[in-house]
$ cat data.pdb   # PDB, C-alpha atoms and all ligand atoms
ATOM      1  CA  MET D  51     123.728  65.216  93.932
ATOM      2  CA  SER D  52     126.436  65.442  91.271
ATOM      3  CA  ALA D  53     129.986  66.496  92.146
ATOM      4  CA  SER D  54     129.418  69.840  90.451
ATOM      5  CA  GLY D  55     126.175  70.217  92.448
ATOM      6  CA  VAL D  56     128.062  69.669  95.710
ATOM      7  CA  GLY D  57     130.670  72.198  94.594
ATOM      8  CA  ALA D  58     127.972  74.751  93.827
ATOM      9  CA  SER D  59     126.239  74.309  97.215
ATOM     10  CA  ASN D  60     129.596  74.610  99.002
ATOM     11  CA  ALA D  61     130.225  77.819  97.105
ATOM     12  CA  ILE D  62     126.851  79.183  98.236
ATOM     13  CA  ALA D  63     127.519  78.072 101.830
ATOM     14  CA  ALA D  64     130.873  79.847 101.753
ATOM     15  CA  LYS D  65     129.107  83.102 100.927
ATOM     16  CA  VAL D  66     126.688  82.703 103.863
ATOM     17  CA  GLU D  67     128.071  84.077 107.095
ATOM     18  CA  HIS D  68     128.574  81.277 109.675
ATOM     19  CA  PRO D  69     126.199  78.788 108.017
ATOM     20  CA  ALA D  70     126.612  76.327 110.903
ATOM     21  CA  ASP D  71     125.697  78.800 113.657
ATOM     22  CA  TYR D  72     122.018  77.864 113.598
ATOM     23  CA  ARG D  73     120.247  74.618 114.369
ATOM     24  CA  ARG D  74     116.676  73.587 113.775
ATOM     25  CA  VAL D  75     114.521  73.197 116.878
ATOM     26  CA  TYR D  76     111.087  71.565 116.841
ATOM     27  CA  VAL D  77     109.182  74.056 118.969
ATOM     28  CA  TRP D  78     105.435  73.887 118.240
ATOM     29  CA  GLU D  79     104.104  70.322 118.167
ATOM     30  CA  LEU D  80     101.179  69.441 115.908
ATOM     31  CA  PRO D  81      98.478  69.822 118.624
ATOM     32  CA  VAL D  82      99.701  73.383 119.377
ATOM     33  CA  ARG D  83      99.657  74.346 115.688
ATOM     34  CA  VAL D  84      96.252  72.765 115.102
ATOM     35  CA  TYR D  85      94.949  74.529 118.232
ATOM     36  CA  HIS D  86      96.375  77.836 117.006
ATOM     37  CA  TRP D  87      94.707  77.801 113.608
ATOM     38  CA  ILE D  88      91.354  76.402 114.774
ATOM     39  CA  ASN D  89      91.374  79.094 117.468
ATOM     40  CA  ALA D  90      92.261  81.823 114.933
ATOM     41  CA  VAL D  91      89.433  80.839 112.545
ATOM     42  CA  ALA D  92      86.883  80.385 115.370
ATOM     43  CA  LEU D  93      87.795  83.734 116.925
ATOM     44  CA  VAL D  94      87.482  85.635 113.664
ATOM     45  CA  LEU D  95      84.047  84.037 113.111
ATOM     46  CA  LEU D  96      83.019  84.859 116.696
ATOM     47  CA  CYS D  97      84.139  88.481 116.378
ATOM     48  CA  VAL D  98      82.403  89.076 113.034
ATOM     49  CA  THR D  99      79.145  87.322 113.978
ATOM     50  CA  GLY D 100      79.222  88.810 117.507
ATOM     51  CA  TYR D 101      79.575  92.291 116.033
ATOM     52  CA  LEU D 102      76.614  91.625 113.716
ATOM     53  CA  ILE D 103      74.490  90.347 116.626
ATOM     54  CA  GLY D 104      75.234  93.575 118.517
ATOM     55  CA  ALA D 105      74.717  95.829 115.470
ATOM     56  CA  PRO D 106      72.507  94.033 112.912
ATOM     57  CA  ILE D 107      72.603  95.406 109.367
ATOM     58  CA  ARG D 108      69.201  97.011 108.821
ATOM     59  CA  LEU D 109      69.454  96.830 105.039
ATOM     60  CA  PHE D 110      68.599  93.134 105.187
ATOM     61  CA  TYR D 111      65.168  93.914 106.579
ATOM     62  CA  ALA D 112      64.021  95.284 103.217
ATOM     63  CA  SER D 113      62.331  91.981 102.330
ATOM     64  CA  GLU D 114      59.674  90.155 104.334
ATOM     65  CA  ALA D 115      60.969  88.354 107.396
ATOM     66  CA  TYR D 116      59.705  84.954 106.146
ATOM     67  CA  GLN D 117      61.834  85.365 103.021
ATOM     68  CA  GLN D 118      65.085  85.510 104.940
ATOM     69  CA  TYR D 119      66.927  83.840 107.746
ATOM     70  CA  TRP D 120      70.249  85.658 107.656
ATOM     71  CA  PHE D 121      70.238  86.674 111.331
ATOM     72  CA  GLY D 122      69.492  83.072 112.292
ATOM     73  CA  TRP D 123      72.565  82.014 110.325
ATOM     74  CA  VAL D 124      74.682  84.668 112.028
ATOM     75  CA  ARG D 125      73.608  83.406 115.438
ATOM     76  CA  PHE D 126      74.025  79.771 114.403
ATOM     77  CA  ILE D 127      77.613  80.435 113.237
ATOM     78  CA  HIS D 128      78.321  82.290 116.509
ATOM     79  CA  PHE D 129      77.097  79.384 118.622
ATOM     80  CA  ALA D 130      78.752  76.677 116.498
ATOM     81  CA  ALA D 131      82.089  78.557 116.505
ATOM     82  CA  ALA D 132      81.702  79.056 120.273
ATOM     83  CA  PHE D 133      81.569  75.299 120.912
ATOM     84  CA  VAL D 134      84.550  74.658 118.620
ATOM     85  CA  TYR D 135      86.510  77.432 120.308
ATOM     86  CA  VAL D 136      85.759  76.221 123.862
ATOM     87  CA  PHE D 137      86.640  72.550 123.270
ATOM     88  CA  ASN D 138      89.713  73.533 121.273
ATOM     89  CA  PHE D 139      90.829  75.688 124.202
ATOM     90  CA  LEU D 140      90.254  72.809 126.654
ATOM     91  CA  ALA D 141      92.460  70.615 124.421
ATOM     92  CA  ARG D 142      95.208  73.281 124.584
ATOM     93  CA  LEU D 143      94.931  73.424 128.388
ATOM     94  CA  TYR D 144      95.437  69.652 128.488
ATOM     95  CA  TRP D 145      98.439  69.959 126.141
ATOM     96  CA  GLY D 146      99.965  72.454 128.584
ATOM     97  CA  PHE D 147     100.449  69.480 130.956
ATOM     98  CA  VAL D 148     101.595  66.777 128.534
ATOM     99  CA  GLY D 149     103.252  68.702 125.686
ATOM    100  CA  ASN D 150     106.882  69.724 125.269
ATOM    101  CA  ARG D 151     108.638  72.396 127.364
ATOM    102  CA  TYR D 152     107.703  75.196 124.935
ATOM    103  CA  SER D 153     103.979  74.510 125.182
ATOM    104  CA  SER D 154     104.018  73.750 128.919
ATOM    105  CA  TRP D 155     101.882  75.995 131.177
ATOM    106  CA  THR D 156     105.121  76.983 132.955
ATOM    107  CA  ALA D 157     106.228  78.808 129.771
ATOM    108  CA  PHE D 158     103.586  81.482 130.427
ATOM    109  CA  PHE D 159     104.915  82.763 133.758
ATOM    110  CA  PRO D 160     108.084  84.889 133.906
ATOM    111  CA  LEU D 161     109.274  83.774 137.348
ATOM    112  CA  LYS D 162     113.013  83.799 136.615
ATOM    113  CA  ARG D 163     115.098  86.965 136.648
ATOM    114  CA  ALA D 164     116.335  86.304 133.111
ATOM    115  CA  GLN D 165     112.723  86.197 131.878
ATOM    116  CA  GLN D 166     111.960  89.514 133.559
ATOM    117  CA  GLN D 167     114.980  91.051 131.840
ATOM    118  CA  GLU D 168     113.763  89.591 128.579
ATOM    119  CA  ILE D 169     110.390  91.320 129.071
ATOM    120  CA  VAL D 170     112.108  94.716 129.400
ATOM    121  CA  ASP D 171     114.277  93.967 126.382
ATOM    122  CA  VAL D 172     111.308  92.920 124.220
ATOM    123  CA  ILE D 173     109.196  95.940 125.261
ATOM    124  CA  LYS D 174     112.085  98.231 124.257
ATOM    125  CA  ALA D 175     112.476  96.395 120.950
ATOM    126  CA  ASP D 176     108.738  96.449 120.163
ATOM    127  CA  VAL D 177     107.891  99.972 121.324
ATOM    128  CA  LEU D 178     111.126 101.918 120.881
ATOM    129  CA  GLU D 179     112.433  99.755 118.047
ATOM    130  CA  THR D 180     115.798  99.272 119.718
ATOM    131  CA  LYS D 181     117.895  96.173 119.025
ATOM    132  CA  LEU D 182     117.338  93.055 121.113
ATOM    133  CA  HIS D 183     120.274  92.975 123.538
ATOM    134  CA  GLY D 184     119.998  89.739 125.496
ATOM    135  CA  PRO D 185     119.347  86.186 124.305
ATOM    136  CA  ILE D 186     115.769  85.532 123.250
ATOM    137  CA  SER D 187     113.793  82.436 124.279
ATOM    138  CA  THR D 188     113.345  79.678 121.734
ATOM    139  CA  GLY D 189     109.620  79.257 122.460
ATOM    140  CA  HIS D 190     107.404  82.202 123.432
ATOM    141  CA  ASN D 191     109.470  85.127 124.597
ATOM    142  CA  ALA D 192     108.663  85.995 128.228
ATOM    143  CA  LEU D 193     106.471  88.989 127.286
ATOM    144  CA  ALA D 194     104.521  87.026 124.661
ATOM    145  CA  GLY D 195     103.962  84.171 127.138
ATOM    146  CA  LEU D 196     102.595  86.556 129.758
ATOM    147  CA  ILE D 197     100.272  88.226 127.245
ATOM    148  CA  TYR D 198      99.009  84.835 126.016
ATOM    149  CA  PHE D 199      98.250  83.944 129.627
ATOM    150  CA  GLY D 200      96.212  87.181 129.973
ATOM    151  CA  THR D 201      94.459  86.287 126.720
ATOM    152  CA  PHE D 202      93.621  82.818 128.057
ATOM    153  CA  LEU D 203      91.964  84.488 131.074
ATOM    154  CA  VAL D 204      89.863  86.599 128.693
ATOM    155  CA  PHE D 205      89.006  83.400 126.755
ATOM    156  CA  VAL D 206      87.610  81.995 130.010
ATOM    157  CA  PHE D 207      85.698  85.200 130.829
ATOM    158  CA  GLN D 208      84.180  85.341 127.335
ATOM    159  CA  THR D 209      83.178  81.684 127.587
ATOM    160  CA  ILE D 210      81.466  82.235 130.945
ATOM    161  CA  THR D 211      79.563  85.335 129.793
ATOM    162  CA  GLY D 212      78.750  83.693 126.417
ATOM    163  CA  PHE D 213      77.276  80.592 128.025
ATOM    164  CA  ALA D 214      75.451  82.786 130.566
ATOM    165  CA  LEU D 215      73.744  84.609 127.658
ATOM    166  CA  TYR D 216      73.069  81.282 125.982
ATOM    167  CA  SER D 217      71.482  79.834 129.150
ATOM    168  CA  SER D 218      68.279  81.830 128.556
ATOM    169  CA  MET D 219      68.015  80.454 125.002
ATOM    170  CA  SER D 220      68.943  76.803 125.442
ATOM    171  CA  ASN D 221      67.950  73.856 127.585
ATOM    172  CA  SER D 222      71.222  71.971 127.034
ATOM    173  CA  CYS D 223      73.163  71.090 130.153
ATOM    174  CA  LEU D 224      76.307  73.084 129.312
ATOM    175  CA  PRO D 225      74.640  76.533 129.036
ATOM    176  CA  ARG D 226      72.336  75.713 131.965
ATOM    177  CA  MET D 227      75.430  75.379 134.168
ATOM    178  CA  PHE D 228      75.995  79.143 133.773
ATOM    179  CA  THR D 229      72.565  80.549 134.712
ATOM    180  CA  TRP D 230      73.947  81.794 138.060
ATOM    181  CA  VAL D 231      76.241  84.267 136.241
ATOM    182  CA  VAL D 232      73.339  86.437 135.013
ATOM    183  CA  PRO D 233      72.121  87.745 138.420
ATOM    184  CA  LEU D 234      75.753  87.988 139.570
ATOM    185  CA  MET D 235      76.496  90.499 136.779
ATOM    186  CA  GLY D 236      73.363  92.573 137.376
ATOM    187  CA  GLY D 237      71.097  90.877 134.832
ATOM    188  CA  GLU D 238      71.334  90.069 131.129
ATOM    189  CA  PHE D 239      72.149  93.648 130.188
ATOM    190  CA  GLY D 240      75.313  93.566 132.314
ATOM    191  CA  VAL D 241      76.428  90.210 130.859
ATOM    192  CA  ARG D 242      75.781  91.430 127.301
ATOM    193  CA  PHE D 243      77.692  94.667 127.962
ATOM    194  CA  TRP D 244      80.859  92.874 129.141
ATOM    195  CA  HIS D 245      80.581  90.162 126.496
ATOM    196  CA  HIS D 246      80.364  92.896 123.857
ATOM    197  CA  LEU D 247      83.169  95.002 125.346
ATOM    198  CA  PHE D 248      85.671  92.130 125.163
ATOM    199  CA  LEU D 249      85.054  91.828 121.440
ATOM    200  CA  TRP D 250      87.293  94.897 121.174
ATOM    201  CA  PHE D 251      89.972  93.257 123.290
ATOM    202  CA  PHE D 252      90.184  90.425 120.734
ATOM    203  CA  VAL D 253      90.228  92.796 117.771
ATOM    204  CA  THR D 254      93.098  94.768 119.356
ATOM    205  CA  PHE D 255      94.967  91.592 120.337
ATOM    206  CA  VAL D 256      94.775  90.068 116.854
ATOM    207  CA  ILE D 257      96.005  93.223 115.085
ATOM    208  CA  ILE D 258      98.986  93.663 117.438
ATOM    209  CA  HIS D 259      99.704  89.902 117.569
ATOM    210  CA  VAL D 260      99.900  89.465 113.800
ATOM    211  CA  TYR D 261     102.011  92.609 113.458
ATOM    212  CA  LEU D 262     104.420  91.410 116.179
ATOM    213  CA  ALA D 263     104.652  87.901 114.701
ATOM    214  CA  PHE D 264     105.917  89.424 111.448
ATOM    215  CA  TYR D 265     108.068  92.027 113.232
ATOM    216  CA  HIS D 266     109.811  89.385 115.359
ATOM    217  CA  ASP D 267     110.230  87.192 112.309
ATOM    218  CA  TYR D 268     112.144  90.125 110.830
ATOM    219  CA  ILE D 269     114.233  91.219 113.839
ATOM    220  CA  GLU D 270     115.037  87.712 115.110
ATOM    221  CA  GLY D 271     115.538  86.192 111.661
ATOM    222  CA  ARG D 272     114.822  82.617 112.728
ATOM    223  CA  GLY D 273     111.474  81.722 111.225
ATOM    224  CA  THR D 274     108.942  82.938 113.815
ATOM    225  CA  VAL D 275     105.999  83.065 111.384
ATOM    226  CA  SER D 276     106.716  79.755 109.656
ATOM    227  CA  SER D 277     107.157  78.090 113.083
ATOM    228  CA  ILE D 278     103.420  78.255 113.742
ATOM    229  CA  ILE D 279     102.835  76.464 110.430
ATOM    230  CA  GLY D 280     105.610  73.840 110.320
ATOM    231  CA  GLY D 281     106.678  73.786 113.976
ATOM    232  CA  TRP D 282     110.389  74.573 113.509
ATOM    233  CA  LYS D 283     112.448  77.579 114.593
ATOM    234  CA  PHE D 284     116.165  78.209 114.220
ATOM    235  CA  ASP D 285     118.394  78.775 117.210
ATOM    236  CA  ARG D 286     121.967  79.999 117.524
ATOM    237  CA  VAL D 287     124.175  77.106 118.587
ATOM    238  CA  GLU D 288     126.493  79.191 120.820
ATOM    239  CA  LYS D 289     123.572  80.430 122.862
ATOM    240  CA  GLY D 290     122.357  76.993 123.840
ATOM    241  CA  ASP D 291     118.727  76.203 124.451
ATOM    242  CA  LYS D 292     117.043  78.252 127.154
TER
HETATM  243  C1  LIG D 301      92.610  85.430 115.111
HETATM  244  C2  LIG D 301      93.857  85.291 114.891
HETATM  245  C3  LIG D 301      94.881  84.779 115.873
HETATM  246  C4  LIG D 301      94.793  84.492 117.212
HETATM  247  C5  LIG D 301      93.585  84.624 118.123
HETATM  248  C6  LIG D 301      96.093  84.016 117.642
HETATM  249  C7  LIG D 301      96.415  83.614 118.931
HETATM  250  C8  LIG D 301      97.609  83.056 119.327
HETATM  251  C9  LIG D 301      97.886  82.453 120.602
HETATM  252  C10 LIG D 301      96.872  82.336 121.753
HETATM  253  C11 LIG D 301      99.164  81.998 120.592
HETATM  254  C12 LIG D 301      99.869  81.223 121.713
HETATM  255  C13 LIG D 301      99.823  79.768 121.254
HETATM  256  C14 LIG D 301     100.036  78.742 122.330
HETATM  257  O1  LIG D 301     101.020  78.771 123.057
HETATM  258  O2  LIG D 301      99.180  77.859 122.451
HETATM  259  C15 LIG D 301      99.733  82.343 119.317
HETATM  260  C16 LIG D 301     101.019  82.071 118.904
HETATM  261  C17 LIG D 301     101.531  82.441 117.686
HETATM  262  N1  LIG D 301     100.821  83.032 116.641
HETATM  263 FE1  LIG D 301      98.897  83.534 116.612
HETATM  264  N2  LIG D 301      96.950  84.042 116.573
HETATM  265  C18 LIG D 301      96.241  84.499 115.470
HETATM  266  C19 LIG D 301      96.690  84.666 114.192
HETATM  267  C20 LIG D 301      98.011  84.527 113.830
HETATM  268  C21 LIG D 301      98.549  84.782 112.516
HETATM  269  C22 LIG D 301      97.712  85.251 111.310
HETATM  270  C23 LIG D 301      99.893  84.537 112.581
HETATM  271  C24 LIG D 301     100.955  84.626 111.528
HETATM  272  C25 LIG D 301     101.027  85.422 110.599
HETATM  273  C26 LIG D 301     100.190  84.116 113.915
HETATM  274  C27 LIG D 301     101.427  83.783 114.367
HETATM  275  C28 LIG D 301     101.716  83.241 115.597
HETATM  276  C29 LIG D 301     103.033  82.796 115.989
HETATM  277  C30 LIG D 301     104.276  82.863 115.118
HETATM  278  C31 LIG D 301     102.909  82.287 117.288
HETATM  279  C32 LIG D 301     104.045  81.735 118.155
HETATM  280  C33 LIG D 301     104.650  82.985 118.683
HETATM  281  C34 LIG D 301     105.826  82.822 119.552
HETATM  282  O3  LIG D 301     106.834  82.288 119.103
HETATM  283  O4  LIG D 301     105.725  83.294 120.702
HETATM  284  N3  LIG D 301      99.030  84.127 114.656
HETATM  285  N4  LIG D 301      98.762  82.978 118.561
HETATM  286  C1  LIG D 302      85.481  84.512 122.410
HETATM  287  C2  LIG D 302      85.006  85.212 121.519
HETATM  288  C3  LIG D 302      83.607  85.797 121.484
HETATM  289  C4  LIG D 302      83.329  87.035 121.041
HETATM  290  C5  LIG D 302      84.333  88.069 120.532
HETATM  291  C6  LIG D 302      81.901  87.217 121.157
HETATM  292  C7  LIG D 302      81.242  88.379 120.811
HETATM  293  C8  LIG D 302      79.883  88.585 120.950
HETATM  294  C9  LIG D 302      79.230  89.837 120.737
HETATM  295  C10 LIG D 302      79.896  91.154 120.336
HETATM  296  C11 LIG D 302      77.894  89.650 120.932
HETATM  297  C12 LIG D 302      76.792  90.703 120.807
HETATM  298  C13 LIG D 302      76.486  91.279 122.181
HETATM  299  C14 LIG D 302      75.473  92.402 122.053
HETATM  300  O1  LIG D 302      75.895  93.531 121.840
HETATM  301  O2  LIG D 302      74.263  92.125 122.149
HETATM  302  C15 LIG D 302      77.708  88.261 121.298
HETATM  303  C16 LIG D 302      76.489  87.668 121.596
HETATM  304  C17 LIG D 302      76.352  86.397 122.071
HETATM  305  N1  LIG D 302      77.373  85.484 122.280
HETATM  306 FE1  LIG D 302      79.342  85.764 121.947
HETATM  307  N2  LIG D 302      81.340  86.081 121.669
HETATM  308  C18 LIG D 302      82.363  85.180 121.899
HETATM  309  C19 LIG D 302      82.215  83.921 122.457
HETATM  310  C20 LIG D 302      81.013  83.343 122.817
HETATM  311  C21 LIG D 302      80.887  82.059 123.453
HETATM  312  C22 LIG D 302      82.047  81.122 123.832
HETATM  313  C23 LIG D 302      79.566  81.838 123.619
HETATM  314  C24 LIG D 302      78.991  80.607 124.234
HETATM  315  C25 LIG D 302      77.934  80.027 123.813
HETATM  316  C26 LIG D 302      78.852  83.002 123.114
HETATM  317  C27 LIG D 302      77.468  83.186 123.135
HETATM  318  C28 LIG D 302      76.808  84.328 122.782
HETATM  319  C29 LIG D 302      75.367  84.512 122.917
HETATM  320  C30 LIG D 302      74.372  83.499 123.435
HETATM  321  C31 LIG D 302      75.086  85.808 122.463
HETATM  322  C32 LIG D 302      73.714  86.482 122.397
HETATM  323  C33 LIG D 302      73.035  86.130 121.085
HETATM  324  C34 LIG D 302      71.724  86.848 120.888
HETATM  325  O3  LIG D 302      71.308  87.644 121.732
HETATM  326  O4  LIG D 302      71.110  86.644 119.835
HETATM  327  N3  LIG D 302      79.772  83.907 122.631
HETATM  328  N4  LIG D 302      78.944  87.636 121.299
END

$ encode --input "data.pdb" --output "structure tokens" --more "lines below"
Ligand code: HEM
Ligand code: HEM
Amino acid sequence: MSASGVGASNAIAAKVEHPADYRRVYVWELPVRVYHWINAVALVLLCVTGYLIGAPIRLFYASEAYQQYWFGWVRFIHFAAAFVYVFNFLARLYWGFVGNRYSSWTAFFPLKRAQQQEIVDVIKADVLETKLHGPISTGHNALAGLIYFGTFLVFVFQTITGFALYSSMSNSCLPRMFTWVVPLMGGEFGVRFWHHLFLWFFVTFVIIHVYLAFYHDYIEGRGTVSSIIGGWKFDRVEKGDK
């Protein structure tokens, strides 16, 4: 950079309040980011195709059945996305044991007192729109971590009920491992009911999750949204790393 260029950047830095108060922290490693976006795409496909399986569009029946195969495609996409989603989730579970401290499975449980205080603080900030008072975690905040853990449990439930439904349509070994679930849930109707009901859990989760990602990007001002793309967040130096 030329001398005048250095002078200009120093002038800009002088206008920024405490430019050295933040440092870059590599929070989300590549496997976590790849997991996140594969999971997001697979879940959207599962929700849309699942909804169509439960409520097929009658308009498409106008032509002869042999002239169309749209419902077959809907089901095929549902099943293909289901396999991607399940193996992607298993990869994330593995990464919870070998990845960095932010992606570790321990990050999902608010066992420390400071994390419990953070939960109260974040609920107040999200619901009542008050200011964040205490320090905020560099990785998932304690409330987000707990909610992701709940979501992971629903992932497992949806996988079990999905493969239970699939077991009556497939001879592959994976679905066949779940045949026992059908009588346990009072027959196929019961399994289908719960599998359908949790569609609405995912729809609600995604709407609130995306809203909160942007909201926290705004109130924390340290790159929450871009962190799930590039991996980096910014942290106040005085605070230290939690
Ligand atoms: C179907 C859509 C989506 C689903 C199911 C989803 C799900 C998740 C899950 C499960 C995590 C936890 C990741 C982990 O620890 O492994 C997460 C984190 C995150 N997601 Fe999403 N996500 C979706 C879409 C989005 C979108 C569109 C954005 C951005 C605009 C976004 C931004 C983030 C951010 C910033 C984090 C890290 C949050 C933090 O710092 O606590 N997500 N998401
Ligand atoms: C996790 C996200 C998922 C969502 C939101 C979802 C949603 C749905 C919905 C709403 C239906 C229609 C139920 C009805 O009203 O009849 C359905 C059907 C089905 N789903 Fe899923 N599902 C998911 C994951 C899975 C998984 C992991 C599998 C495993 C193979 C699976 C297999 C099936 C099967 C076999 C059917 C019945 C297809 C048919 O009767 O033609 N789903 N899903």

$ residues_near_ligand --input "data.pdb" --ligand "ligand LIG 301 (chain D)" --cutoff "7 Å" --atoms "all atoms listed in the file" --output "list in words"
Val82, Tyr85, His86, Asn89, Ala90, Val91, Leu93, Val94, Arg142, Ser153, Gly189, His190, Asn191, Ala194, Gly195, Tyr198, Thr201, Val256, His259, Val260, Ala263, Phe264, Thr274, Val275, Ser276, Ser277 and Ile278 of chain D

$ resolve_selection --input "data.pdb" --expression "the PyMOL selection byres (((not hetatm)) within 8 of (chain D and resi 302))" --output "number ranges by chain"
D: 93-94, 96-105, 125, 128-129, 131-133, 135-136, 204-205, 208-217, 219, 225, 242-243, 245-250, 252

$ closest_residue --input "data.pdb" --among "D:Trp230, D:Phe199, D:Tyr152, D:Phe139" --to "Ser218 of chain D" --atoms "all atoms listed in the file"
D:Trp230

$ atom_distance --input "data.pdb" --atom1 "atom CA of Arg272 of chain D" --atom2 "atom CA of Asp71 of chain D"
11.6 Å

$ closest_residue --input "data.pdb" --among "D:Glu79, D:Asp171, D:Glu179, D:Asp285" --to "Gly149 of chain D" --atoms "all atoms listed in the file"
D:Glu79
